[in-house]
2 protein chains.
Amino acid sequence: MDRKKVTINDIAEALQVTASTVARALQDHPRISDKTKKRVIEKARELNYHPNSMASNLRKGKSNTIGLVIPRINRNFFSNTISGIEQVLQERGFQLLICQSNEKFEREVANIQTMIQNRVEGILISISEETQDYSHLQLAQEAGVPVVQFDRVGMQFPGGKVLNDDLVSAFDLTNHLIDKGYRNIGYVGGRQYLNIYQNRFGGFQQAMDARGLTLNPAWVSHDALSQERGEELARAWFSGQNHPDAIFAASDFSALGMLLEVKRMGFRVPEEVGITGYANEPFTALIVPTLTSVDQKGLQMGQAAARLLLDQIDSRVLTDISEPIWIRPGLMIRESSMRKSQAE
Amino acid sequence: MDRKKVTINDIAEALQVTASTVARALQDHPRISDKTKKRVIEKARELNYHPNSMASNLRKGKSNTIGLVIPRINRNFFSNTISGIEQVLQERGFQLLICQSNEKFEREVANIQTMIQNRVEGILISISEETQDYSHLQLAQEAGVPVVQFDRVGMQFPGGKVLNDDLVSAFDLTNHLIDKGYRNIGYVGGRQYLNIYQNRFGGFQQAMDARGLTLNPAWVSHDALSQERGEELARAWFSGQNHPDAIFAASDFSALGMLLEVKRMGFRVPEEVGITGYANEPFTALIVPTLTSVDQKGLQMGQAAARLLLDQIDSRVLTDISEPIWIRPGLMIRESSMRKSQAE
DNA sequence: TAGTTAAGCGCAATCGATTGCGCAATATTT
DNA sequence: AAATATTGCGCAATCGATTGCGCTTAACTA
């Protein structure tokens, strides 16, 4: 049923010229007469010709493709990132090959393999929740493929980095909670080997320290990124007499779980319990009460990461030793943390 | 900075064998001795060899890649779809090339071009909001690339189709509203040339008819898919004396706009105004009141579409004339339509 | 008008991997 | 031991497009 794919040779034969002429005509080469070009283009359309980019790329030694590896595409932040990347790449005529790691290290490694084999000219990656080893990125670099990490990055891995200023925004956000009169603030977040959670927790800690507040280790979890875990922890932390009066969550989803469960348990938010999330998922502005969060500027991060990668490709730099690019997130103060201010 | 990419020839030279032997060794060809295989594999690792899939695909005449074109990836339905597709493709060792049309016809055409040029072995597509012309899909078919459409499809285009039973679920959902005592039901949705909106409106109409209710043409909009449009229409329809007592929205986002604005205007939902959405976006379960919606079973649709496409590829069928595959959506009845039942 | 330049196109190698065919060496069979 | 089969690998063409070099023929310069 499928007719053989048509090639430049078919066009050449039909026109009684050589493939070289056809190739040049299609590229608008100056040494080909307008008449021939017109004939070639016409015949190409007539035969429904489509250039074979595998052949072309092989010959030219470049794929004009950038690879993107992210944990999941159904996160607001990451889909914004994609938009930013696509914008930049489109201007430069690059294609984008998107792979999800689904937060699995194994998948991530496989994704990188795929990208190398497809000869992408550079890789953009935000590592999975499980990733602690960077030999796969190393492999890419050694294969001549520059790697730029963004958001979730392995700091020890040499290469371009675009980062959120999580430490500062976590610091600011915690101060906001303290300003609102919350004192016994719990923390829920992700694994500390991931830079982002380390920084978010770090900023939180520093703010608590700076204001002379001690944090109760019982109210700290580094294993809480899902709604379910948020709910579980809410039940655990809020069932006794002694409970936090606020929660700093490094993820909107665990914040959501916390918020829902705490409300279910009869607490009023933000009057009795303040809650903040992180990532500014769309639902944060829609739930009741609306959830204070942090806008990570996904679009900008995507643009910055793509630009950085293209720069590295242009300058043929593999291991970028320059300083990371920092993007300042924006605090999205909403109802869940807006207790009527109390004297300290 | 980038060392030359290593090829099988480099391995061959290092081992004093020919490239054929290396190629066969890497494929675990039976005619190559275990000893040689071991040496080749070892040397490949040592040299950091990665097969060039462009060369391989070119020679083999197949890319082992499927193309996916969707309006946007940041829609819950579509990201579920992607998961379903990935599951199926992974079993069969196919790669996935994802492109967003961003609801633009022009982008969609470009995406298809890209896919053809990359010699994808099949295309999965859910068309953009603007698409009314299918010559780009035709082009793909003529180039020997089978096309399977899902969800948003051009019914007149020959080829595999996976569809939601929108008509039935819209019918059921409308009946649900009527059962709850709503009578003056308005409709907001998308362009009627898109099958899904045509069917959703059709199901709505049929239910109204069947129950002897007339619909007020002033309360029908086919240009309302965004939150903003929902809000605008809410202001328009609910400011006078005479207003709907329920809204059937063919999109969660316009339903959201409606709901928020109507609440802002002082109406109680669902007591005074019932609202239903469509697509079961995550926020529908989180807002107040929770929004009745329709689960389109994205995962299943993705799986079904991918399987259908693979079948067509296997059987080398380009124009599938068989019946479309229908997936039955699920009603997600929530608070926004759960008025205390009144006698009719 | 002889000599120079430019226009227009063909030849053939090349990118990296794959594969049918063939050949020699070894193994197996009778 | 002769005949056959098998093992192990090399040769060379091939996939489709690109491109440096070279050869005509036409156009132009002095």
# chains A, B, ... in the order shown; residues from 1 in each chain; ligands from 1
>>> closest_atom_pairs(of="chain D", to="chain A", cutoff="12 Å", atoms="only C-alpha atoms (C1' of nucleotides)", output="CSV")
residue,atom,partner,partner_atom,distance
D:DC15,C1',A:Ala55,CA,7.8
D:DG16,C1',A:Ala55,CA,5.0
D:DA17,C1',A:Ser56,CA,4.9
D:DT18,C1',A:Arg59,CA,6.2
D:DT19,C1',A:Ser20,CA,8.6
>>> interface_residues(of="chain C", to="chain B", cutoff="9 Å", atoms="only C-alpha atoms (C1' of nucleotides)", output="PyMOL selection string")
chain C and resi 15-19
>>> write_last_selection(atoms="C-alpha atoms (C1' of nucleotides)", output="PDB file, in the first residue's frame")
ATOM      1  C1'  DC C  15      28.422  10.501   6.109  1.00  0.00           C
ATOM      2  C1'  DG C  16      27.882   5.592   9.356  1.00  0.00           C
ATOM      3  C1'  DA C  17      25.684   1.440   9.529  1.00  0.00           C
ATOM      4  C1'  DT C  18      23.750  -2.711   7.318  1.00  0.00           C
ATOM      5  C1'  DT C  19      23.659  -6.967   4.672  1.00  0.00           C
TER       6       DT C  19
END
>>> interface_residues(of="chain B", to="chain A", cutoff="8 Å", atoms="only C-alpha atoms", output="MDAnalysis selection string")
chainID B and resid 1:5 48:55 57:58 73:76 79 97:98 116:119 139 142:145 282:283 286:288 316:318
>>> closest_residue(among="B:Thr21, B:Asn111, B:Gln312, B:Gln198", to="B:Val148", atoms="only C-alpha atoms")
B:Gln312
>>> residues_around(residues="stretch 123-131 of chain B", least_positions_apart="3", cutoff="10 Å", atoms="only C-alpha atoms (C1' of nucleotides)", output="PyMOL selection string")
chain B and resi 65-72+78+85+96-109+112+115-116+120+134+137+140-141+145-154+160-162+190-191+193-194+302+305-306+308-309
>>> select_by_dssp(residues="stretch 20-232 of chain A", states="strand (DSSP E or B)", output="CSV table (one decimal) with C-alpha atoms, in the first residue's frame")
chain,number,residue,atom,x,y,z
A,65,THR,CA,17.9,18.8,17.3
A,66,ILE,CA,18.1,19.6,21.0
A,67,GLY,CA,17.1,17.0,23.5
A,68,LEU,CA,15.0,17.7,26.6
A,69,VAL,CA,14.7,15.4,29.5
A,70,ILE,CA,12.3,16.3,32.3
A,95,GLN,CA,13.9,20.9,16.7
A,96,LEU,CA,13.1,19.7,20.1
A,97,LEU,CA,13.1,16.0,21.2
A,98,ILE,CA,11.2,15.7,24.5
A,99,CYS,CA,11.5,12.7,26.9
A,100,GLN,CA,10.0,12.2,30.3
A,122,GLY,CA,22.8,19.4,23.0
A,123,ILE,CA,20.8,18.2,26.0
A,124,LEU,CA,18.7,20.2,28.4
A,125,ILE,CA,17.8,18.3,31.5
A,147,VAL,CA,24.6,19.4,28.7
A,148,VAL,CA,22.8,22.2,30.3
A,149,GLN,CA,20.9,21.5,33.5
A,150,PHE,CA,18.1,23.6,34.9
A,160,GLY,CA,25.8,24.9,32.1
A,161,LYS,CA,23.3,25.5,34.9
A,162,VAL,CA,20.2,27.6,35.1
A,163,LEU,CA,18.9,27.8,38.7
A,164,ASN,CA,16.1,29.2,40.7
A,185,ILE,CA,6.4,26.2,61.4
A,186,GLY,CA,6.8,22.7,60.0
A,187,TYR,CA,8.5,21.8,56.8
A,188,VAL,CA,7.7,19.3,54.1
A,220,VAL,CA,10.3,18.2,59.2
A,221,SER,CA,9.9,15.7,56.4
>>> atom_distance(atom1="atom CA of A:Ile325", atom2="atom CA of A:Tyr197")
18.1 Å
>>> atom_distance(atom1="atom CA of A:Ser337", atom2="atom CA of A:His243")
16.7 Å
>>> atom_distance(atom1="atom CA of B:His176", atom2="atom CA of B:Arg264")
25.1 Å
>>> select_by_dssp(residues="stretch 21-57 of chain B", states="helix (DSSP H, G or I)", output="PyMOL selection string")
chain B and resi 21-26+34-47+53-57
>>> write_last_selection(atoms="C-alpha atoms", output="compact mmCIF listing (two decimals), in the first residue's frame")
# COMPACT_ATOMS: atom_id res chain seq x y z
CA THR B 21 32.30 -7.69 11.75
CA VAL B 22 31.88 -4.92 14.26
CA ALA B 23 28.35 -4.23 13.10
CA ARG B 24 27.47 -7.90 13.32
CA ALA B 25 29.13 -8.31 16.67
CA LEU B 26 27.13 -5.44 18.09
CA ASP B 34 31.88 -15.04 21.09
CA LYS B 35 35.46 -14.03 21.45
CA THR B 36 35.19 -11.38 18.77
CA LYS B 37 31.92 -10.15 20.15
CA LYS B 38 33.45 -9.71 23.52
CA ARG B 39 36.38 -7.81 22.13
CA VAL B 40 34.16 -5.55 20.09
CA ILE B 41 31.81 -4.77 22.91
CA GLU B 42 34.68 -4.06 25.20
CA LYS B 43 36.37 -1.78 22.73
CA ALA B 44 33.07 -0.04 22.04
CA ARG B 45 32.69 0.78 25.68
CA GLU B 46 36.29 1.82 25.90
CA LEU B 47 35.95 4.24 23.03
CA SER B 53 20.78 6.01 14.61
CA MET B 54 20.57 8.36 11.66
CA ALA B 55 22.92 6.16 9.70
CA SER B 56 21.27 3.03 10.93
CA ASN B 57 17.78 4.23 10.22
>>> residues_around(residues="stretch 295-300 of chain B", least_positions_apart="5", cutoff="6 Å", atoms="only C-alpha atoms (C1' of nucleotides)", output="list in words")
Phe77, Asn80, Thr81, Gly84, Ala279, Asn280, Pro329 and Gly330 of chain B
